[in-house]
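This is query-v4.cif. It holds mmCIF, C-alpha atoms and all ligand atoms.
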data_run
#
loop_
_atom_site.label_atom_id
_atom_site.label_comp_id
_atom_site.auth_asym_id
_atom_site.auth_seq_id
_atom_site.Cartn_x
_atom_site.Cartn_y
_atom_site.Cartn_z
CA ARG A 1 -3.46 20.34 19.40
CA ILE A 2 -2.44 20.87 15.77
CA LEU A 3 -2.01 23.99 13.59
CA VAL A 4 -2.41 23.30 9.86
CA THR A 5 -1.16 25.91 7.39
CA GLY A 6 -2.48 25.88 3.83
CA ALA A 7 -5.82 24.66 5.22
CA GLN A 8 -7.70 25.86 2.12
CA GLY A 9 -5.50 23.84 -0.22
CA GLN A 10 -5.92 20.44 -1.90
CA ILE A 11 -4.23 18.53 0.96
CA GLY A 12 -4.85 20.97 3.81
CA SER A 13 -8.63 21.09 3.43
CA GLU A 14 -9.00 17.32 3.71
CA LEU A 15 -6.25 16.98 6.30
CA VAL A 16 -8.11 19.37 8.66
CA THR A 17 -11.31 17.34 8.28
CA MET A 18 -9.54 14.03 8.92
CA LEU A 19 -7.61 15.38 11.93
CA ARG A 20 -10.79 16.87 13.42
CA ASP A 21 -12.55 13.49 13.04
CA HIS A 22 -9.60 11.90 14.84
CA TYR A 23 -8.66 14.41 17.52
CA GLY A 24 -11.76 16.59 17.88
CA THR A 25 -12.63 19.81 16.10
CA ALA A 26 -11.41 22.12 18.88
CA ASN A 27 -7.93 20.54 18.71
CA VAL A 28 -7.26 21.29 15.03
CA ILE A 29 -6.73 24.90 14.00
CA GLY A 30 -6.87 25.63 10.29
CA SER A 31 -4.96 28.58 8.87
CA ASP A 32 -4.54 30.08 5.44
CA ILE A 33 -4.15 33.39 3.69
CA ARG A 34 -7.97 33.59 3.47
CA LYS A 35 -10.87 31.98 5.33
CA GLY A 36 -13.26 29.61 3.61
CA GLU A 37 -16.98 30.27 3.98
CA ALA A 38 -17.89 26.86 5.39
CA GLU A 39 -15.34 26.87 8.21
CA GLU A 40 -16.59 24.63 11.06
CA GLY A 41 -13.73 24.77 13.54
CA PRO A 42 -11.02 27.11 14.86
CA PHE A 43 -9.40 29.09 12.04
CA GLU A 44 -6.73 31.80 11.81
CA ILE A 45 -5.97 33.99 8.82
CA VAL A 46 -2.18 33.72 8.57
CA ASP A 47 0.28 34.61 5.81
CA VAL A 48 3.09 32.12 6.50
CA THR A 49 5.67 34.58 5.19
CA ASP A 50 4.84 36.60 8.36
CA GLY A 51 6.76 34.72 11.04
CA LYS A 52 5.26 36.68 13.93
CA ALA A 53 1.69 36.01 12.78
CA LEU A 54 2.53 32.32 12.55
CA TYR A 55 4.09 32.33 16.03
CA ASP A 56 1.09 34.19 17.52
CA ALA A 57 -1.39 31.67 16.00
CA ALA A 58 0.61 28.74 17.45
CA ALA A 59 0.86 30.45 20.86
CA LYS A 60 -2.80 31.57 20.98
CA HIS A 61 -4.00 27.99 20.54
CA ASN A 62 -1.08 26.44 22.44
CA VAL A 63 -0.55 23.82 19.73
CA ASP A 64 1.95 20.97 20.11
CA THR A 65 2.19 20.21 16.38
CA ILE A 66 2.47 22.19 13.13
CA MET A 67 1.54 20.61 9.79
CA HIS A 68 2.86 23.00 7.16
CA LEU A 69 1.04 22.66 3.83
CA ALA A 70 1.08 26.24 2.51
CA ALA A 71 3.05 26.30 -0.77
CA LEU A 72 3.00 27.06 -4.48
CA LEU A 73 2.96 23.85 -6.55
CA SER A 74 5.20 23.03 -9.51
CA ALA A 75 3.38 24.62 -12.46
CA LYS A 76 2.61 27.88 -10.64
CA ALA A 77 6.11 27.94 -9.15
CA GLU A 78 7.63 27.63 -12.64
CA ALA A 79 5.53 30.60 -13.79
CA LYS A 80 6.49 32.73 -10.76
CA PRO A 81 9.81 31.35 -9.46
CA LYS A 82 10.79 34.27 -7.19
CA GLN A 83 7.36 34.33 -5.50
CA ALA A 84 7.58 30.55 -5.17
CA TRP A 85 10.95 30.81 -3.41
CA ASP A 86 9.64 33.51 -1.06
CA LEU A 87 6.52 31.56 -0.10
CA ASN A 88 7.90 28.00 -0.19
CA MET A 89 11.18 28.73 1.62
CA GLY A 90 10.18 31.81 3.62
CA GLY A 91 7.07 30.07 4.89
CA LEU A 92 8.96 26.88 5.70
CA ILE A 93 11.71 28.49 7.75
CA ASN A 94 9.12 30.59 9.63
CA ALA A 95 7.17 27.44 10.48
CA LEU A 96 10.35 25.62 11.53
CA GLU A 97 11.36 28.56 13.73
CA VAL A 98 7.98 28.44 15.51
CA ALA A 99 8.41 24.68 15.96
CA ARG A 100 11.88 25.25 17.42
CA GLU A 101 10.88 28.11 19.73
CA ARG A 102 7.76 26.29 21.01
CA ASN A 103 9.12 22.73 20.84
CA LEU A 104 6.43 21.49 18.40
CA GLN A 105 6.30 18.30 16.36
CA PHE A 106 6.54 19.21 12.66
CA PHE A 107 5.25 17.81 9.36
CA THR A 108 5.68 19.19 5.86
CA PRO A 109 5.53 17.26 2.59
CA SER A 110 8.21 16.92 -0.02
CA SER A 111 7.37 15.57 -3.47
CA ILE A 112 8.47 13.37 -6.35
CA GLY A 113 9.21 16.82 -7.73
CA ALA A 114 12.36 16.79 -5.57
CA PHE A 115 13.92 14.42 -8.12
CA GLY A 116 15.35 15.50 -11.48
CA PRO A 117 16.37 14.19 -14.91
CA SER A 118 19.57 12.53 -13.56
CA THR A 119 17.61 10.57 -10.92
CA PRO A 120 16.95 6.86 -11.72
CA LYS A 121 13.34 6.87 -13.01
CA LYS A 122 12.18 3.33 -12.18
CA GLY A 123 12.15 2.18 -8.58
CA THR A 124 13.71 5.51 -7.56
CA PRO A 125 15.65 4.76 -4.35
CA GLN A 126 15.09 6.49 -0.98
CA GLU A 127 18.65 7.83 -1.20
CA THR A 128 19.66 8.94 -4.70
CA ILE A 129 20.72 11.83 -6.93
CA MET A 130 18.44 14.84 -6.45
CA ARG A 131 19.11 17.63 -8.97
CA PRO A 132 15.62 18.89 -9.87
CA THR A 133 15.25 21.33 -12.76
CA THR A 134 12.21 23.21 -11.43
CA MET A 135 11.93 25.93 -8.78
CA TYR A 136 9.43 23.70 -6.97
CA GLY A 137 11.97 20.86 -6.95
CA VAL A 138 14.71 23.19 -5.68
CA ASN A 139 12.33 24.25 -2.89
CA LYS A 140 11.54 20.62 -2.02
CA VAL A 141 15.19 19.47 -1.86
CA ALA A 142 16.17 22.54 0.15
CA GLY A 143 13.10 21.99 2.33
CA GLU A 144 14.08 18.39 3.07
CA LEU A 145 17.60 19.47 4.02
CA LEU A 146 16.27 22.33 6.17
CA CYS A 147 13.87 20.01 8.05
CA ASP A 148 16.69 17.50 8.70
CA TYR A 149 18.89 20.40 9.86
CA TYR A 150 16.26 21.52 12.41
CA TYR A 151 16.14 17.94 13.66
CA TYR A 152 19.92 17.46 13.99
CA ARG A 153 20.77 20.99 15.14
CA PHE A 154 17.81 21.85 17.38
CA GLY A 155 16.11 18.49 18.08
CA VAL A 156 12.84 19.52 16.38
CA ASP A 157 10.84 16.35 15.62
CA THR A 158 10.48 17.01 11.89
CA ARG A 159 8.94 14.37 9.60
CA GLY A 160 7.91 14.35 5.93
CA VAL A 161 6.93 12.26 2.93
CA ARG A 162 7.68 12.71 -0.77
CA TYR A 163 4.16 12.82 -2.22
CA PRO A 164 3.30 11.58 -5.68
CA GLY A 165 0.67 13.42 -7.67
CA LEU A 166 -2.40 13.50 -5.44
CA ILE A 167 -5.88 12.82 -6.70
CA SER A 168 -8.93 14.05 -4.80
CA TYR A 169 -12.48 15.32 -5.32
CA VAL A 170 -13.01 17.66 -2.34
CA THR A 171 -10.88 20.72 -3.12
CA PRO A 172 -9.76 21.20 -6.71
CA PRO A 173 -5.94 21.29 -6.88
CA GLY A 174 -4.23 24.41 -8.15
CA GLY A 175 -1.10 24.70 -10.19
CA GLY A 176 0.23 21.16 -10.14
CA THR A 177 1.75 19.34 -13.10
CA THR A 178 -0.06 16.15 -12.10
CA ASP A 179 -3.46 17.85 -11.91
CA TYR A 180 -4.44 16.41 -15.31
CA ALA A 181 -5.13 13.24 -13.31
CA VAL A 182 -7.83 15.11 -11.35
CA GLU A 183 -9.28 17.13 -14.26
CA ILE A 184 -9.74 13.95 -16.33
CA TYR A 185 -12.35 12.62 -13.88
CA TYR A 186 -14.39 15.84 -13.85
CA GLU A 187 -14.27 16.10 -17.64
CA ALA A 188 -15.18 12.42 -18.00
CA MET A 189 -18.33 13.04 -15.97
CA ARG A 190 -19.18 16.32 -17.74
CA ASN A 191 -18.24 15.66 -21.37
CA LYS A 192 -17.10 12.01 -21.64
CA LYS A 193 -13.94 13.52 -23.14
CA TYR A 194 -10.68 15.00 -21.86
CA THR A 195 -7.76 16.62 -23.65
CA SER A 196 -4.56 15.89 -21.73
CA TYR A 197 -1.71 18.42 -21.57
CA ILE A 198 0.63 15.54 -20.64
CA ALA A 199 1.66 13.17 -23.48
CA ALA A 200 0.72 9.50 -23.73
CA GLY A 201 3.31 7.23 -22.16
CA THR A 202 4.38 9.80 -19.55
CA TYR A 203 4.48 7.83 -16.31
CA MET A 204 4.33 9.52 -12.89
CA ASP A 205 3.66 8.31 -9.38
CA MET A 206 0.11 9.01 -8.22
CA MET A 207 -1.87 8.47 -5.02
CA TYR A 208 -5.48 8.81 -3.89
CA MET A 209 -5.98 11.42 -1.16
CA PRO A 210 -7.25 8.97 1.52
CA ASP A 211 -3.92 7.10 1.29
CA ALA A 212 -2.02 10.40 1.37
CA LEU A 213 -3.76 11.51 4.57
CA HIS A 214 -3.41 8.11 6.23
CA ALA A 215 0.34 8.26 5.57
CA ILE A 216 0.60 11.49 7.59
CA MET A 217 -1.16 9.93 10.58
CA LYS A 218 0.99 6.80 10.43
CA LEU A 219 4.23 8.77 10.13
CA MET A 220 3.39 11.29 12.88
CA GLU A 221 2.43 8.52 15.31
CA ALA A 222 5.44 6.33 14.45
CA ASP A 223 8.10 5.46 17.05
CA PRO A 224 10.79 8.15 16.52
CA ASP A 225 13.56 5.63 17.29
CA LYS A 226 12.61 3.71 14.16
CA LEU A 227 12.90 6.73 11.84
CA VAL A 228 16.11 6.73 9.82
CA TYR A 229 15.20 9.14 7.04
CA ARG A 230 12.64 11.58 8.50
CA ASN A 231 12.76 14.16 5.63
CA ALA A 232 11.50 12.79 3.54
CA TYR A 233 10.12 9.31 2.88
CA ASN A 234 9.38 8.04 -0.63
CA ILE A 235 5.76 6.93 -0.72
CA SER A 236 3.69 5.87 -3.69
CA ALA A 237 0.65 3.87 -4.72
CA ILE A 238 0.14 4.04 -8.49
CA SER A 239 2.47 4.58 -11.46
CA ALA A 240 0.33 5.71 -14.38
CA ALA A 241 0.27 7.58 -17.68
CA PRO A 242 -2.78 9.42 -19.11
CA GLU A 243 -3.92 6.38 -21.11
CA ASP A 244 -4.04 4.28 -17.93
CA PHE A 245 -6.57 6.72 -16.41
CA ALA A 246 -8.60 6.60 -19.64
CA LYS A 247 -8.68 2.78 -19.57
CA ALA A 248 -9.83 2.77 -15.93
CA ILE A 249 -12.52 5.40 -16.65
CA GLN A 250 -13.77 3.51 -19.72
CA LYS A 251 -14.70 0.58 -17.45
CA HIS A 252 -17.40 2.93 -16.10
CA ILE A 253 -17.93 5.30 -19.07
CA PRO A 254 -17.29 3.09 -22.12
CA ASP A 255 -17.45 5.91 -24.68
CA PHE A 256 -15.04 8.18 -22.78
CA GLU A 257 -12.46 9.64 -25.19
CA LEU A 258 -8.96 10.88 -24.36
CA ALA A 259 -7.30 13.42 -26.64
CA TYR A 260 -3.91 15.15 -26.35
CA ASP A 261 -2.78 18.76 -26.61
CA VAL A 262 0.62 18.60 -24.94
CA ASP A 263 1.84 21.66 -23.02
CA PRO A 264 5.62 21.68 -23.65
CA ALA A 265 6.49 23.38 -20.33
CA LEU A 266 4.40 21.01 -18.20
CA GLN A 267 5.51 18.01 -20.27
CA GLN A 268 9.12 18.95 -19.58
CA ILE A 269 8.45 19.09 -15.83
CA ALA A 270 6.65 15.72 -15.92
CA GLU A 271 9.50 14.09 -17.90
CA SER A 272 12.05 15.29 -15.33
CA TRP A 273 10.27 13.34 -12.57
CA PRO A 274 10.48 9.56 -11.85
CA ASP A 275 8.09 7.02 -13.34
CA SER A 276 7.80 4.95 -10.15
CA ILE A 277 9.58 5.41 -6.83
CA ASP A 278 10.56 2.78 -4.27
CA ALA A 279 8.68 3.11 -0.92
CA THR A 280 10.42 0.26 0.97
CA ALA A 281 11.91 2.48 3.69
CA ALA A 282 8.50 3.94 4.59
CA ALA A 283 6.96 0.46 4.72
CA GLU A 284 9.79 -0.90 6.90
CA GLU A 285 10.21 2.07 9.29
CA TRP A 286 6.60 3.11 9.94
CA GLY A 287 4.34 0.60 8.18
CA PHE A 288 3.31 2.72 5.20
CA GLN A 289 0.94 0.99 2.80
CA ALA A 290 -1.36 2.35 0.13
CA THR A 291 -4.79 0.78 -0.25
CA TYR A 292 -6.15 2.31 -3.48
CA ASP A 293 -5.09 1.18 -6.94
CA ILE A 294 -6.11 2.95 -10.16
CA ASP A 295 -9.33 0.93 -10.48
CA THR A 296 -10.59 1.36 -6.91
CA MET A 297 -9.58 5.05 -6.97
CA THR A 298 -11.40 5.58 -10.29
CA ALA A 299 -14.59 3.92 -9.03
CA ASP A 300 -14.57 6.10 -5.91
CA MET A 301 -13.68 9.34 -7.74
CA LEU A 302 -16.45 8.94 -10.32
CA GLU A 303 -19.00 8.03 -7.66
CA LYS A 304 -18.06 10.96 -5.41
CA ILE A 305 -17.97 13.47 -8.29
CA GLN A 306 -21.40 12.27 -9.41
CA THR A 307 -22.89 12.93 -5.94
CA LYS A 308 -21.00 16.25 -5.66
C1 LIG B 401 2.48 19.17 -8.45
N1 LIG B 401 0.70 17.87 -7.39
O1 LIG B 401 2.10 18.73 -9.52
C2 LIG B 401 2.00 18.50 -7.17
C3 LIG B 401 2.97 17.43 -6.78
C4 LIG B 401 4.29 15.50 -7.57
C5 LIG B 401 3.37 16.57 -7.95
O2 LIG B 401 4.08 17.96 -6.14
O3 LIG B 401 3.24 20.11 -8.37
#
Do you think you could lay out the structure here as structure tokens?
Ligand code: VAH
Amino acid sequence: RILVTGAQGQIGSELVTMLRDHYGTANVIGSDIRKGEAEEGPFEIVDVTDGKALYDAAAKHNVDTIMHLAALLSAKAEAKPKQAWDLNMGGLINALEVARERNLQFFTPSSIGAFGPSTPKKGTPQETIMRPTTMYGVNKVAGELLCDYYYYRFGVDTRGVRYPGLISYVTPPGGGTTDYAVEIYYEAMRNKKYTSYIAAGTYMDMMYMPDALHAIMKLMEADPDKLVYRNAYNISAISAAPEDFAKAIQKHIPDFELAYDVDPALQQIAESWPDSIDATAAAEEWGFQATYDIDTMTADMLEKIQTK
């Protein structure tokens, strides 16, 4: 039985659905600071900065796994760094404490945002320099170290992946630097035009949500003896800049136009992150593989947004 925090978020909302399809609705408990209207299965209103509330939710449903997704993403975290620290680190240590006290398996994502300007940008290694220049990145590096600590010190089975920018059509993302890559599809459908706040030629790792969710399943079901890194694995699928999305969209909407109005703060964040990271360790240790490339993702995104 699994407790998912951040169940109303971009990843959490689809993760709950996928887990319920896999393990049965009654076995997946969603939780977030507020309840969505269309909640089908078990749900608890939990503020993850309240450790007791988190413990009580895990105990009430007698879960054996916590998947901790509640967090502030990079752009929002840069606007409100102290609140980001309190939620991202306070929530994480509360969730790890519950996992320790109740002997739960644990998943939380890191991000390409854990890397900084001094990190090699192309083929970023699994083990490399990590001196991020954003509060979000500081939270992700500290989070990785904290999760490894709970594994080595207390034997908590913690596992994580470093997510690229995630693209999805179910729940609009909030506050991410990479979210231009989601907005562009909606604007392409609505107006056949999008003005990007990230400059041309700015490469970042990206991934379609189905691959992101599949990676969690693969990692959590992997043989623990094969896991060297645990927190957290580089994974990626696509390395793209805004013009690459435009080219892929124009195959479906030929007169789609991309314009630029660069946001200096978000551009600075994007430039501090890698262009393409190396995911060999994940492939070797637990069989990670992405299935969507920018063309198959674009076809699916446009089709799903059209029906939405
Ligand atoms: C963000 N989408 O932009 C998230 C993610 C790598 C980017 O961490 O903050």
Skipping near chain neighbours, those fewer than 2 positions away, what residues fall within 10 Å of segment 254-266 of chain A using only C-alpha atoms, listed as a VMD selection string?
chain A and resid 74 to 75 78 to 79 176 to 178 184 187 to 189 191 to 200 242 to 243 245 to 252 268 to 272
Identify, counting all atoms listed in the file, the protein, DNA and RNA residues located within 10 Å of ligand LIG 401 (chain B), and give them as a PyMOL selection string.
chain A and resi 10-11+71-78+109-115+134+136-137+140+162-167+173-182+204-207+266+269-270+273-274
Counting all atoms listed in the file, which residues have an atom no more than 10 Å from (13.2, 28.4, 0.8) in the file's coordinates? Please list them as a ChimeraX atom specification.
/A:84-94,135-136,138-143,146
Would you mind exporting the chosen residues as a PDB file, in the frame of the given file, restricted to C-alpha atoms?
ATOM      1  CA  ALA A  84       7.580  30.550  -5.170  1.00  0.00           C
ATOM      2  CA  TRP A  85      10.950  30.810  -3.410  1.00  0.00           C
ATOM      3  CA  ASP A  86       9.640  33.510  -1.060  1.00  0.00           C
ATOM      4  CA  LEU A  87       6.520  31.560  -0.100  1.00  0.00           C
ATOM      5  CA  ASN A  88       7.900  28.000  -0.190  1.00  0.00           C
ATOM      6  CA  MET A  89      11.180  28.730   1.620  1.00  0.00           C
ATOM      7  CA  GLY A  90      10.180  31.810   3.620  1.00  0.00           C
ATOM      8  CA  GLY A  91       7.070  30.070   4.890  1.00  0.00           C
ATOM      9  CA  LEU A  92       8.960  26.880   5.700  1.00  0.00           C
ATOM     10  CA  ILE A  93      11.710  28.490   7.750  1.00  0.00           C
ATOM     11  CA  ASN A  94       9.120  30.590   9.630  1.00  0.00           C
ATOM     12  CA  MET A 135      11.930  25.930  -8.780  1.00  0.00           C
ATOM     13  CA  TYR A 136       9.430  23.700  -6.970  1.00  0.00           C
ATOM     14  CA  VAL A 138      14.710  23.190  -5.680  1.00  0.00           C
ATOM     15  CA  ASN A 139      12.330  24.250  -2.890  1.00  0.00           C
ATOM     16  CA  LYS A 140      11.540  20.620  -2.020  1.00  0.00           C
ATOM     17  CA  VAL A 141      15.190  19.470  -1.860  1.00  0.00           C
ATOM     18  CA  ALA A 142      16.170  22.540   0.150  1.00  0.00           C
ATOM     19  CA  GLY A 143      13.100  21.990   2.330  1.00  0.00           C
ATOM     20  CA  LEU A 146      16.270  22.330   6.170  1.00  0.00           C
TER      21      LEU A 146
END
Considering all atoms listed in the file, return as a VMD selection string whatever protein or nucleic-acid residues lie within 12 Å of Ala26 of chain A, sequence-local ones (same chain, fewer than 5 positions apart) excluded.
chain A and resid 1 to 3 16 to 17 19 to 21 40 to 43 61 to 63
From the set A:Thr307, A:Thr298, A:Ser31, A:Thr171, which residue has the shortest atom-to-atom contact distance to Tyr185 of chain A, counting only C-alpha atoms?
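For Tyr185 of chain A, the nearest of the given residues is A:Thr298.
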Sphere at (3.0, 6.6, 8.3), radius 9 Å, counting all atoms listed in the file: residues as a list in words:
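Final list of nearby residues, as requested, is Val161, His214, Ala215, Ile216, Met217, Lys218, Leu219, Met220, Glu221, Ala222, Ala282, Ala283, Glu285, Trp286, Gly287, Phe288 and Gln289 of chain A.
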Within 8 Å of segment 125-127 of chain A, counting all atoms listed in the file, which residues qualify if same-chain residues fewer than 3 places away don't, as a list in words?
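After dropping sequence-adjacent residues, the list is Pro120, Tyr233, Asn234, Ile277, Asp278, Ala279 and Ala281 of chain A.
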May I ask which of the residues A:Val4, A:Ala232, A:Ala290, A:Ile66 is the closest one to Glu144 of chain A, counting all atoms listed in the file?
A:Ala232
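Using only C-alpha atoms, the smallest distance between any of A:Thr124, A:Arg34, A:Gly24, A:Met18 and Asp211 of chain A comes from A:Met18.
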Looking at A:Gln83, A:Leu302, A:His22, A:Val156, which one is nearest to Glu183 of chain A, with distances taken over all atoms listed in the file?
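Closest residue, counting all atoms listed in the file: A:Leu302.
The space separating atom CA of Thr5 of chain A from atom CA of Ser276 of chain A comes to 28.8 Å.
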From the options A:Gly123, A:Gly9, A:Gly201, A:Gly155, which residue's atoms come nearest to Ser168 of chain A, counting all atoms listed in the file?
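The closest residue to Ser168 of chain A is A:Gly9.
Straight-line separation from atom CA of Phe106 of chain A to atom CA of Asp157 of chain A: 6.0 Å.
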